Amino acid sequence: MIRFLAWRLVQSVVVMWVVYTLTFFLLMAAPGDPFLGTQKNPPAFVREALAKNYGLEYLKFTAEERAKMPAGERAGYVMKAYWLYLGRVVRGDLGPSVRYPDWSVTQVIAHSLPISVALGSAALLISLWGGAAAGTAAAVWKNRWPDVLLAMGTLVGVSLPSFVVGALLLMALVVAVPLLPSGGWGSVRQLILPAVTLSLFYMAYVASLARSSTLEVLHADFVRTARAKGLSGRQVIVRHVGSNAALPLLSYMGPAAATVLTGSFVVEKLFAIPGLGTHFVNGCLNDDIPLVLGATLVYTAIVVVFNLLVDVAYAAVDPRITLG
Amino acid sequence: MSRVLLIPSVVLLVLAAVCYALSGGRIWVGTTAQGERPVVVCNMDDISSLDIHRTSWASDIRTQMALWEGLTAYDPQDLHPVPGVAESWEVTDRGTTYTFHLRHDAKWSNGDPVTAQDFLFAWQRLITPATGADYVDLFNVVKGASEYTEALAEKKEASFSSVGAAAPDAYTVVVHLKAPCSYFLDLCAFPPFFPLNEKSMGDAVKDPANGRWTHPPRLVTNGAYMLTDWRFKQYLELHPNPYYWDRGNVRTKVLRITAISDHRAALLAFDTHTVDLLTFVSQTFGEDLLSQKDPAARAMVHYRPVFGTYYFTFNCARAPLDDARVRQALSLAVDREKIVRDVTGMHQRVLGVLVPPDSVPGYKSPDVGELYDPAKARELLADAGYPGGAGMRPLELLFNNEELNHGKVAMAMGQMWERELGIHVTYRGVERSTFNQDRRSTHNFDIARGGWYGDYDDPTTWLDLARSDSGNNDGQFKDPAYDALMDAAAREFDPAKRFAILAQAEKLICGKEFPFLMLYQYGDGFMYDANHLKGVSDNVRLITPLKWIWRDPA
């Protein structure tokens with residue numbers, strides 16, 4: 001177990017380094033100019049000062065100058081910035097943000113990530129329990145009305161994009177019947193609509209997974225044995241079927257959690273939630289290189305950690321799986 | 001199912017609770033302890049920076065004006081400069097020397113007096129290249145400023161005493177200008193010219209990469225409000241500065257500044273009264289907002305022509321656009337009225353000049369003749385050697401596509417050209433980074449979308465764009481006659497004569513040379529309920545000094 005964890009840790013560091021490096025060089029190759037200013041082109045010395053402050057001296061040159069630069073010189077500048085940034089990351093410093101110069105990238109993430117994680121966990125909880133219950137019900141009453149209802153619900157949940165669901169919920173529960181606030185962050189009431197919106201897609205997926213795995217288990221020999229020894233229908237479902245049917249859900253929840261917890265751009269924008277999801281898109285649009293690098297690193301770390309958690313959880317629930 | 005799902009559920013529940021608490025979320029949010037609901041101002045963009053030298057975003061500038069005060073301030077209604085930290089001033093030496101007398105009761109939010117030295121410290125920081133200030137060149141009107149900056153940029157020795165700004169005593173600031181500058185008092189009310197409290201900035205004075213001095217409670221300001229809380233991307237909370245000299249006029253007890261970038265979410269927040277002042281009129285929903293049947297709802301949309309113009313830039317270094325006749329022909333073939341009526345739907349004010357008319361007091365826009373004349377356009381094109389568009393290569397229209405309207409306007413223009421002039425048009429809609437790079441840096445375009453908001457109250461904030469030595473001359477337009485007129489205006493001491501020369505220069509580019517295809521004056525404004533929110537100013541410059549706004553509970 002410990003050897004397994006240590007080995008996975010080494011792998012994780014390598015994965016994060018590869019992702020970081022790829023992102024860095026992609027950002028350097030992408031068009032864009034973080035020091036161009038909002039409306040005015042700054043004088044050369046201002047670009048130079050900003051580029052120096054951010055440790056990106058390659059970008060003190062305009063795109064035009066960069067295009068004319070000999071390849072060797074360009075590589076020299078890019079590599080210098082790369083080593084500087086990598087060294088900083090190792091020391092735990094992600095540098096200042098370009099779009100938000102008063103904040104370091106670490107601060108930006110420290111403020112935004114908890115919001116996305118809180119929202120994402122709430123959404124996952126809803127989808128996990130809602131989906132598992134609906135899926136089990138559909139399997140138990142196969143081809144009867146709960147099953148038909150679920151099939152329809154799943155289709156809608158998977159195919160309706162969150163900006164449509166969110167807008168519909170806003171129209172229903174904010175405009176038509178003013179029960180909930182339209183957006184923002186800070187109160188539980190503000191959490192409800194975005195969490196439900198975010199959960200629907202995953203709930204639909206979880207429900208269909210739960211349905212098929214429950215059906216499979218329902219026909220297994222040990223279920224027949226359980227029934228034969230006289231357990232009630234409910235006890236069979238809850239104790240014997242449920243535990244075994246839940247395994248596929250776990251393996252789905254791991255990677256899904258990484259995506260949900262790091263924030264959804266659409267839901268955060270729709271409900272004006274100051275989470276991490278917006279930074280992935282806006283960071284790129286604003287040419288905020290340090291912020292994009294930091295956000296990508298955090299995302300990678302979360303994906304890696306959740307995959308590891310799923311592996312460990314698998315071993316914990318299924319005695320046939322051993323780690324190491 | 002229950003047993004296996006229990007562990008992940010507990011993990012998620014704990015995660016949700018801990019992170020929710022970490023992010024400042026509360027179980028129940030009621031009114032503040034005093035029962036006071038804050039006045040909520042909502043911008044489209046998050047506050048980028050509160051460092052007065054590190055930003056040029058409108059929402060940042062508006063917030064800085066609430067936190068700081070310059071030598072002068074804007075009149076809340078017509079924005080003419082009124083006394084701020086300076087209670088009076090004299091202008092001598094034919095308009096080149098300003099002597100400001102600072103009021104003795106002007107205080108920082110920590111109780112320290114605001115002195116002349118605080119201004120000099122901030123100005124030196126503004127023009128030091130290492131600061132990387134957005135508005136460094138605004139200070140170039142001051143004697144010796146550009147020379148000082150350039151010397152430091154070239155790593156040479158330079159002394160700030162060579163710059164024409166001095167403090168003979170703690171309450172007097174003397175500024176010597178290179179030439180008379182009719183808008184200098186206006187500049188003094190603009191954030192880059194504000195004072196800074198050096199003591200409170202600590203190590204950020206020496207390290208320009210350290211932006212943390214603007215966070216509460218460290219930030220010390222001298223304006224109507226002080227910053228008490230700043231939750232990143234959530235809100236800034238401002239309370240009245242207890243030491244502010246004019247605190248009697250600050251009626252709002254808690255001011256909250258927030259941002260919602262999604263237009264639908266912003267309008268919903270406004271409709272449900274969680275926002276008191278929305279500092280933009282959504283272009284996405286503009287047509288619907290302006291045509292609302294309910295008069296009370298319509299009255300809350302304070303939409304008007306503002307301090308910026310919308311245009312397309314010709315790449316004057318590329319054939320066939322290097323021929324002024326071709327540029328004029330393209331300009332004359334565009335039916336601007338149709339564009340603002342049917343394409344944008346926002347009924348912006350169409351124009352053929354670069355400086356928005358009637359927005360700079362005393363400046364009279366030149367007459368540039370008919371804007372729409374397809375027959376004359378065809379004649380001009382034939383003169384240039386392209387009768388009926390024959391022999392003309394396809395022209396490409398470049399625009400940024402994150403806002404829908406740019407592409408729609410470009411395509412409407414392209415259709416007009418194809419129909420009226422017989423030329424072939426292609427379209428390239430790209431995301432903002434590529435657009436900025438192609439238009440502003442590599443000049444890789446034929447005709448590109450453009451627009452310019454004025455930074456200060458003078459025609460040169462627009463007219464400088466067409467100077468051949470301007471860093472913002474994206475179309476690489478070069479005309480010695482134009483440069484000569486602009487130089488002559490800079491040397492002119494008489495304000496009326498100076499404006500006349502500038503109008504002549506504007507007529508040259510907008511009536512003869514056409515480096516720009518002028519379309520319309522930007523329309524924008526605020527959304528608020530004037531029955532409840534008082535003191536908001538609906539001026540052309542979209543500046544509303546937050547000091548004066550308050551909510552009438554009645």
# chains A, B, ... in the order shown; residues from 1 in each chain; ligands from 1
>>> residues_around(residues="Asp358 of chain B", least_positions_apart="5", cutoff="10 Å", atoms="only C-alpha atoms", output="MDAnalysis selection string")
chainID B and resid 307 363:365 540
>>> write_last_selection(atoms="N, CA and C atoms", output="PDB file, in the first residue's frame")
ATOM      1  N   PHE B 307     -18.477  59.372 -24.249  1.00  0.00           N
ATOM      2  CA  PHE B 307     -17.199  59.992 -24.577  1.00  0.00           C
ATOM      3  C   PHE B 307     -16.303  59.093 -25.435  1.00  0.00           C
ATOM      4  N   TYR B 363     -15.153  73.230 -27.868  1.00  0.00           N
ATOM      5  CA  TYR B 363     -14.626  72.709 -29.136  1.00  0.00           C
ATOM      6  C   TYR B 363     -15.778  72.493 -30.117  1.00  0.00           C
ATOM      7  N   LYS B 364     -15.615  73.058 -31.329  1.00  0.00           N
ATOM      8  CA  LYS B 364     -16.676  72.916 -32.320  1.00  0.00           C
ATOM      9  C   LYS B 364     -16.201  71.969 -33.420  1.00  0.00           C
ATOM     10  N   SER B 365     -16.933  70.885 -33.622  1.00  0.00           N
ATOM     11  CA  SER B 365     -16.535  69.894 -34.632  1.00  0.00           C
ATOM     12  C   SER B 365     -16.615  70.493 -36.024  1.00  0.00           C
ATOM     13  N   VAL B 540     -21.731  62.845 -20.246  1.00  0.00           N
ATOM     14  CA  VAL B 540     -21.218  62.173 -21.431  1.00  0.00           C
ATOM     15  C   VAL B 540     -20.001  61.315 -21.104  1.00  0.00           C
TER      16      VAL B 540
END
>>> select_by_dssp(residues="segment 211-410 of chain B", states="alpha helix (DSSP H)", output="short mmCIF file (atom, residue, chain, number, x, y, z; two decimals) with N, CA and C atoms, in the first residue's frame")
data_model
loop_
_atom_site.label_atom_id
_atom_site.label_comp_id
_atom_site.auth_asym_id
_atom_site.auth_seq_id
_atom_site.Cartn_x
_atom_site.Cartn_y
_atom_site.Cartn_z
N HIS B 263 -24.58 39.55 -18.79
CA HIS B 263 -25.57 40.62 -18.88
C HIS B 263 -26.92 40.22 -18.32
N ARG B 264 -27.31 38.96 -18.56
CA ARG B 264 -28.61 38.52 -18.08
C ARG B 264 -28.61 38.51 -16.54
N ALA B 265 -27.52 37.98 -15.98
CA ALA B 265 -27.42 37.93 -14.52
C ALA B 265 -27.42 39.34 -13.93
N ALA B 266 -26.73 40.26 -14.61
CA ALA B 266 -26.66 41.63 -14.11
C ALA B 266 -28.04 42.28 -14.13
N LEU B 267 -28.77 42.07 -15.22
CA LEU B 267 -30.10 42.68 -15.31
C LEU B 267 -31.06 42.07 -14.29
N LEU B 268 -30.93 40.76 -14.06
CA LEU B 268 -31.76 40.10 -13.05
C LEU B 268 -31.46 40.67 -11.67
N ALA B 269 -30.16 40.85 -11.38
CA ALA B 269 -29.78 41.41 -10.09
C ALA B 269 -30.36 42.81 -9.93
N PHE B 270 -30.36 43.56 -11.03
CA PHE B 270 -30.92 44.91 -10.97
C PHE B 270 -32.43 44.85 -10.76
N ASP B 271 -33.09 43.98 -11.50
CA ASP B 271 -34.55 43.87 -11.40
C ASP B 271 -35.00 43.40 -10.03
N GLY B 286 -29.84 45.61 -25.28
CA GLY B 286 -30.07 47.04 -25.39
C GLY B 286 -31.37 47.39 -26.07
N GLU B 287 -31.63 46.72 -27.19
CA GLU B 287 -32.83 47.04 -27.95
C GLU B 287 -34.09 46.82 -27.10
N ASP B 288 -34.10 45.69 -26.36
CA ASP B 288 -35.25 45.40 -25.51
C ASP B 288 -35.37 46.42 -24.38
N LEU B 289 -34.22 46.80 -23.82
CA LEU B 289 -34.25 47.74 -22.70
C LEU B 289 -34.79 49.09 -23.14
N LEU B 290 -34.38 49.50 -24.35
CA LEU B 290 -34.76 50.84 -24.80
C LEU B 290 -36.20 50.90 -25.30
N PRO B 295 -43.30 52.70 -18.65
CA PRO B 295 -42.51 53.94 -18.58
C PRO B 295 -41.57 53.96 -17.37
N ALA B 296 -41.99 53.37 -16.25
CA ALA B 296 -41.14 53.39 -15.07
C ALA B 296 -39.87 52.57 -15.31
N ALA B 297 -40.03 51.41 -15.96
CA ALA B 297 -38.86 50.56 -16.24
C ALA B 297 -37.96 51.24 -17.27
N ARG B 298 -38.58 51.88 -18.28
CA ARG B 298 -37.79 52.55 -19.31
C ARG B 298 -36.98 53.70 -18.71
N ALA B 299 -37.60 54.38 -17.72
CA ALA B 299 -36.94 55.54 -17.12
C ALA B 299 -35.69 55.15 -16.35
N ALA B 324 -6.34 57.65 -50.77
CA ALA B 324 -7.38 58.32 -49.99
C ALA B 324 -8.73 58.26 -50.69
N ARG B 325 -8.72 58.21 -52.04
CA ARG B 325 -10.01 58.15 -52.75
C ARG B 325 -10.73 56.84 -52.47
N VAL B 326 -9.96 55.75 -52.41
CA VAL B 326 -10.58 54.46 -52.10
C VAL B 326 -11.18 54.49 -50.69
N ARG B 327 -10.41 55.05 -49.75
CA ARG B 327 -10.89 55.11 -48.37
C ARG B 327 -12.16 55.95 -48.27
N GLN B 328 -12.15 57.08 -48.99
CA GLN B 328 -13.34 57.94 -48.94
C GLN B 328 -14.54 57.23 -49.58
N ALA B 329 -14.28 56.53 -50.69
CA ALA B 329 -15.36 55.82 -51.37
C ALA B 329 -15.99 54.79 -50.43
N LEU B 330 -15.14 54.04 -49.72
CA LEU B 330 -15.66 53.03 -48.79
C LEU B 330 -16.48 53.69 -47.68
N SER B 331 -16.00 54.84 -47.23
CA SER B 331 -16.69 55.55 -46.16
C SER B 331 -18.05 56.06 -46.63
N LEU B 332 -18.09 56.62 -47.86
CA LEU B 332 -19.34 57.19 -48.37
C LEU B 332 -20.38 56.13 -48.71
N ARG B 336 -24.89 54.66 -42.40
CA ARG B 336 -24.74 54.55 -40.95
C ARG B 336 -26.08 54.50 -40.23
N GLU B 337 -27.04 55.27 -40.74
CA GLU B 337 -28.36 55.28 -40.09
C GLU B 337 -28.96 53.88 -40.07
N LYS B 338 -28.77 53.16 -41.16
CA LYS B 338 -29.29 51.80 -41.24
C LYS B 338 -28.60 50.91 -40.21
N PRO B 374 -23.60 57.13 -52.10
CA PRO B 374 -23.08 56.02 -52.89
C PRO B 374 -22.66 56.44 -54.30
N ALA B 375 -23.39 57.42 -54.87
CA ALA B 375 -23.05 57.84 -56.24
C ALA B 375 -21.65 58.43 -56.27
N LYS B 376 -21.38 59.32 -55.30
CA LYS B 376 -20.06 59.94 -55.25
C LYS B 376 -18.99 58.87 -54.94
N ALA B 377 -19.38 57.89 -54.13
CA ALA B 377 -18.44 56.83 -53.79
C ALA B 377 -18.02 56.07 -55.06
N ARG B 378 -18.99 55.78 -55.92
CA ARG B 378 -18.67 55.05 -57.16
C ARG B 378 -17.74 55.88 -58.04
N GLU B 379 -18.02 57.20 -58.10
CA GLU B 379 -17.16 58.11 -58.89
C GLU B 379 -15.72 58.08 -58.39
N LEU B 380 -15.59 58.19 -57.06
CA LEU B 380 -14.25 58.21 -56.47
C LEU B 380 -13.50 56.91 -56.76
N LEU B 381 -14.24 55.81 -56.68
CA LEU B 381 -13.60 54.52 -56.91
C LEU B 381 -13.15 54.40 -58.37
N ALA B 382 -13.97 54.93 -59.29
CA ALA B 382 -13.59 54.91 -60.70
C ALA B 382 -12.36 55.78 -60.92
N ASP B 383 -12.33 56.96 -60.27
CA ASP B 383 -11.16 57.85 -60.35
C ASP B 383 -9.89 57.13 -59.92
N LEU B 404 -21.04 40.29 -30.05
CA LEU B 404 -21.73 39.94 -31.27
C LEU B 404 -21.80 41.10 -32.27
N ASN B 405 -21.98 42.32 -31.75
CA ASN B 405 -22.25 43.45 -32.62
C ASN B 405 -21.12 43.77 -33.60
N HIS B 406 -19.86 43.56 -33.20
CA HIS B 406 -18.76 43.92 -34.10
C HIS B 406 -18.87 43.18 -35.42
N GLY B 407 -19.15 41.89 -35.32
CA GLY B 407 -19.26 41.09 -36.53
C GLY B 407 -20.48 41.50 -37.36
N LYS B 408 -21.58 41.80 -36.67
CA LYS B 408 -22.79 42.17 -37.40
C LYS B 408 -22.58 43.48 -38.15
N VAL B 409 -21.93 44.44 -37.49
CA VAL B 409 -21.67 45.73 -38.15
C VAL B 409 -20.73 45.52 -39.34
N ALA B 410 -19.68 44.71 -39.14
CA ALA B 410 -18.73 44.46 -40.23
C ALA B 410 -19.45 43.84 -41.43
#
>>> residues_around(residues="Ile260 of chain B", least_positions_apart="5", cutoff="10 Å", atoms="only C-alpha atoms", output="CSV table (one decimal) with N, CA and C atoms, in the first residue's frame")
chain,number,residue,atom,x,y,z
A,183,GLY,N,-28.3,35.3,-8.1
A,183,GLY,CA,-26.9,34.9,-8.2
A,183,GLY,C,-26.1,35.6,-7.1
A,184,GLY,N,-24.8,35.4,-7.3
A,184,GLY,CA,-23.8,35.9,-6.3
A,184,GLY,C,-23.4,34.8,-5.3
A,269,LYS,N,-20.6,32.0,-14.6
A,269,LYS,CA,-20.9,33.2,-15.3
A,269,LYS,C,-22.4,33.5,-15.2
A,270,LEU,N,-23.2,32.5,-15.4
A,270,LEU,CA,-24.7,32.6,-15.3
A,270,LEU,C,-25.2,33.1,-14.0
A,271,PHE,N,-24.6,32.6,-12.9
A,271,PHE,CA,-25.1,33.0,-11.6
A,271,PHE,C,-24.1,33.9,-10.9
A,272,ALA,N,-23.2,34.6,-11.6
A,272,ALA,CA,-22.3,35.5,-11.1
A,272,ALA,C,-21.6,35.0,-9.8
A,273,ILE,N,-21.0,33.8,-10.0
A,273,ILE,CA,-20.2,33.2,-8.9
A,273,ILE,C,-18.7,33.4,-9.1
A,274,PRO,N,-18.0,34.0,-8.1
A,274,PRO,CA,-16.6,34.3,-8.3
A,274,PRO,C,-15.7,33.1,-8.1
B,42,CYS,N,-22.7,48.0,-9.3
B,42,CYS,CA,-22.3,46.8,-10.0
B,42,CYS,C,-21.7,47.2,-11.4
B,43,ASN,N,-20.5,46.8,-11.6
B,43,ASN,CA,-19.8,47.0,-12.8
B,43,ASN,C,-19.8,45.7,-13.7
B,44,MET,N,-19.5,45.8,-14.9
B,44,MET,CA,-19.4,44.7,-15.8
B,44,MET,C,-18.1,43.9,-15.5
B,45,ASP,N,-17.0,44.6,-15.3
B,45,ASP,CA,-15.7,44.0,-15.1
B,45,ASP,C,-15.3,44.0,-13.6
B,46,ASP,N,-14.6,43.0,-13.2
B,46,ASP,CA,-14.1,43.0,-11.8
B,46,ASP,C,-13.1,44.1,-11.7
B,233,LYS,N,-13.1,39.2,-6.4
B,233,LYS,CA,-14.1,38.9,-7.4
B,233,LYS,C,-15.5,38.9,-6.7
B,234,GLN,N,-15.6,39.2,-5.5
B,234,GLN,CA,-16.9,39.2,-4.8
B,234,GLN,C,-17.4,40.7,-4.7
B,265,ALA,N,-27.5,38.0,-16.0
B,265,ALA,CA,-27.4,37.9,-14.5
B,265,ALA,C,-27.4,39.3,-13.9
B,266,ALA,N,-26.7,40.3,-14.6
B,266,ALA,CA,-26.7,41.6,-14.1
B,266,ALA,C,-28.0,42.3,-14.1
B,267,LEU,N,-28.8,42.1,-15.2
B,267,LEU,CA,-30.1,42.7,-15.3
B,267,LEU,C,-31.1,42.1,-14.3
B,269,ALA,N,-30.2,40.9,-11.4
B,269,ALA,CA,-29.8,41.4,-10.1
B,269,ALA,C,-30.4,42.8,-9.9
B,278,LEU,N,-26.3,50.1,-11.8
B,278,LEU,CA,-25.6,49.2,-12.8
B,278,LEU,C,-24.8,50.2,-13.7
>>> closest_residue(among="A:Gly72, A:Gly87, A:Gly55, A:Pro31", to="chain B", atoms="only C-alpha atoms")
A:Pro31
>>> closest_atom_pairs(of="segment 196-272 of chain A", to="segment 113-126 of chain A", cutoff="7 Å", atoms="only C-alpha atoms", output="CSV")
residue,atom,partner,partner_atom,distance
A:Val196,CA,A:Ala123,CA,6.2
A:Leu198,CA,A:Ala123,CA,5.9
A:Ser199,CA,A:Ala123,CA,4.5
A:Val260,CA,A:Gly120,CA,5.1
A:Leu261,CA,A:Val117,CA,4.4
A:Thr262,CA,A:Ser116,CA,5.7
A:Gly263,CA,A:Ser116,CA,4.7
>>> write_last_selection(atoms="C-alpha atoms", output="compact mmCIF listing (two decimals), in the first residue's frame")
# COMPACT_ATOMS: atom_id res chain seq x y z
CA VAL A 196 -28.94 22.15 -8.90
CA LEU A 198 -24.58 22.00 -12.13
CA SER A 199 -25.80 18.67 -10.76
CA VAL A 260 -16.97 19.70 -11.12
CA LEU A 261 -14.86 20.88 -8.19
CA THR A 262 -12.62 23.14 -10.28
CA GLY A 263 -15.62 25.10 -11.40
>>> atom_distance(atom1="atom CA of Gly76 of chain A", atom2="atom CA of Ala29 of chain A")
14.0 Å
>>> atom_distance(atom1="atom CA of Ala167 of chain B", atom2="atom CA of Trp89 of chain B")
13.8 Å
>>> residues_around(residues="Val46 of chain A", least_positions_apart="5", cutoff="9 Å", atoms="only C-alpha atoms", output="number ranges by chain")
A: 35, 51, 60; B: 129-134, 136, 153
>>> interface_residues(of="chain B", to="chain A", cutoff="7 Å", atoms="only C-alpha atoms", output="PDB file with C-alpha atoms, in the first residue's frame")
ATOM      1  CA  MET B   1     -25.824   1.417  -2.163  1.00  0.00           C
ATOM      2  CA  SER B   2     -25.990   3.398   1.033  1.00  0.00           C
ATOM      3  CA  ARG B   3     -22.895   1.920   2.660  1.00  0.00           C
ATOM      4  CA  VAL B   4     -20.552   2.372  -0.283  1.00  0.00           C
ATOM      5  CA  SER B   9     -20.848  11.516   0.682  1.00  0.00           C
ATOM      6  CA  LEU B  12     -18.155  15.738  -0.122  1.00  0.00           C
ATOM      7  CA  LEU B  13     -20.274  17.118   2.690  1.00  0.00           C
ATOM      8  CA  LEU B  15     -15.543  19.488   1.683  1.00  0.00           C
ATOM      9  CA  ALA B  16     -18.591  21.583   0.849  1.00  0.00           C
ATOM     10  CA  ALA B  17     -18.952  22.877   4.395  1.00  0.00           C
ATOM     11  CA  CYS B  19     -14.867  25.388   1.546  1.00  0.00           C
ATOM     12  CA  TYR B  20     -18.116  27.254   1.929  1.00  0.00           C
ATOM     13  CA  LEU B  22     -13.509  29.436   3.811  1.00  0.00           C
ATOM     14  CA  SER B  23     -15.044  31.400   0.963  1.00  0.00           C
ATOM     15  CA  GLY B  24     -16.880  33.669   3.362  1.00  0.00           C
ATOM     16  CA  GLY B  25     -20.278  32.059   2.900  1.00  0.00           C
ATOM     17  CA  ARG B  26     -22.810  32.385   5.666  1.00  0.00           C
ATOM     18  CA  ILE B  27     -25.818  30.322   6.669  1.00  0.00           C
ATOM     19  CA  TRP B  28     -28.025  33.351   6.883  1.00  0.00           C
ATOM     20  CA  VAL B  29     -27.327  36.803   5.504  1.00  0.00           C
ATOM     21  CA  SER B  48      -8.482  44.941 -11.822  1.00  0.00           C
ATOM     22  CA  SER B  49      -6.258  47.107  -9.641  1.00  0.00           C
ATOM     23  CA  SER B  56      -6.893  52.227 -17.134  1.00  0.00           C
ATOM     24  CA  PRO B 129       9.682  53.782 -15.941  1.00  0.00           C
ATOM     25  CA  ALA B 130       9.999  50.831 -13.526  1.00  0.00           C
ATOM     26  CA  THR B 131       6.445  51.523 -12.290  1.00  0.00           C
ATOM     27  CA  GLY B 132       5.101  50.622 -15.720  1.00  0.00           C
ATOM     28  CA  ALA B 133       2.287  53.172 -15.450  1.00  0.00           C
ATOM     29  CA  ASP B 134      -0.502  53.007 -18.025  1.00  0.00           C
ATOM     30  CA  ALA B 153      14.562  54.383 -19.287  1.00  0.00           C
ATOM     31  CA  ALA B 209       5.849  43.926  -8.561  1.00  0.00           C
ATOM     32  CA  GLY B 211       0.728  44.940  -5.472  1.00  0.00           C
ATOM     33  CA  ARG B 212      -0.454  44.064  -2.011  1.00  0.00           C
ATOM     34  CA  THR B 214      -3.847  48.262  -1.954  1.00  0.00           C
ATOM     35  CA  PHE B 232     -11.569  38.982  -4.539  1.00  0.00           C
ATOM     36  CA  LYS B 233     -14.124  38.938  -7.365  1.00  0.00           C
ATOM     37  CA  GLN B 234     -16.948  39.208  -4.838  1.00  0.00           C
ATOM     38  CA  ILE B 260     -21.388  40.764 -12.851  1.00  0.00           C
ATOM     39  CA  SER B 261     -20.043  40.031 -16.314  1.00  0.00           C
ATOM     40  CA  ASP B 262     -23.045  38.101 -17.581  1.00  0.00           C
ATOM     41  CA  ALA B 265     -27.420  37.926 -14.518  1.00  0.00           C
ATOM     42  CA  LEU B 268     -31.759  40.103 -13.053  1.00  0.00           C
ATOM     43  CA  ALA B 269     -29.783  41.406 -10.086  1.00  0.00           C
ATOM     44  CA  ARG B 432      -9.423  39.366 -28.428  1.00  0.00           C
ATOM     45  CA  SER B 433      -5.744  38.376 -28.140  1.00  0.00           C
ATOM     46  CA  THR B 434      -5.291  37.698 -31.829  1.00  0.00           C
ATOM     47  CA  GLN B 437      -2.024  41.555 -31.871  1.00  0.00           C
ATOM     48  CA  SER B 441       1.057  45.200 -32.952  1.00  0.00           C
ATOM     49  CA  THR B 442       1.713  43.553 -36.322  1.00  0.00           C
ATOM     50  CA  GLY B 471       2.084  54.436 -30.848  1.00  0.00           C
ATOM     51  CA  ASN B 472      -1.658  54.006 -31.367  1.00  0.00           C
TER      52      ASN B 472
END
>>> atom_distance(atom1="atom CA of Gly345 of chain B", atom2="atom CA of Val368 of chain B")
25.1 Å
>>> decode(residues="segment 386-420 of chain B", atoms="C-alpha atoms", output="short mmCIF file (atom, residue, chain, number, x, y, z; two decimals), in the first residue's frame")
data_model
loop_
_atom_site.label_atom_id
_atom_site.label_comp_id
_atom_site.auth_asym_id
_atom_site.auth_seq_id
_atom_site.Cartn_x
_atom_site.Cartn_y
_atom_site.Cartn_z
CA TYR B 386 -11.46 50.62 -59.96
CA PRO B 387 -14.64 51.41 -61.93
CA GLY B 388 -17.47 49.29 -60.52
CA GLY B 389 -14.95 47.58 -58.28
CA ALA B 390 -13.14 46.04 -61.28
CA GLY B 391 -9.52 45.20 -60.59
CA MET B 392 -9.85 45.60 -56.82
CA ARG B 393 -8.55 42.72 -54.75
CA PRO B 394 -10.89 41.34 -52.06
CA LEU B 395 -10.75 43.39 -48.86
CA GLU B 396 -10.68 41.76 -45.46
CA LEU B 397 -12.60 43.08 -42.44
CA LEU B 398 -11.03 42.17 -39.11
CA PHE B 399 -13.02 42.26 -35.88
CA ASN B 400 -12.99 40.70 -32.42
CA ASN B 401 -15.83 38.28 -31.95
CA GLU B 402 -16.45 38.19 -28.20
CA GLU B 403 -19.12 40.81 -28.71
CA LEU B 404 -21.73 39.94 -31.27
CA ASN B 405 -22.25 43.45 -32.62
CA HIS B 406 -18.76 43.92 -34.10
CA GLY B 407 -19.26 41.09 -36.53
CA LYS B 408 -22.79 42.17 -37.40
CA VAL B 409 -21.67 45.73 -38.15
CA ALA B 410 -18.73 44.46 -40.23
CA MET B 411 -20.98 42.22 -42.28
CA ALA B 412 -23.54 44.96 -42.83
CA MET B 413 -20.77 47.26 -44.11
CA GLY B 414 -19.35 44.54 -46.31
CA GLN B 415 -22.75 43.95 -47.91
CA MET B 416 -23.14 47.67 -48.56
CA TRP B 417 -19.75 47.75 -50.28
CA GLU B 418 -20.51 44.70 -52.38
CA ARG B 419 -23.85 46.14 -53.43
CA GLU B 420 -22.88 49.78 -53.98
#
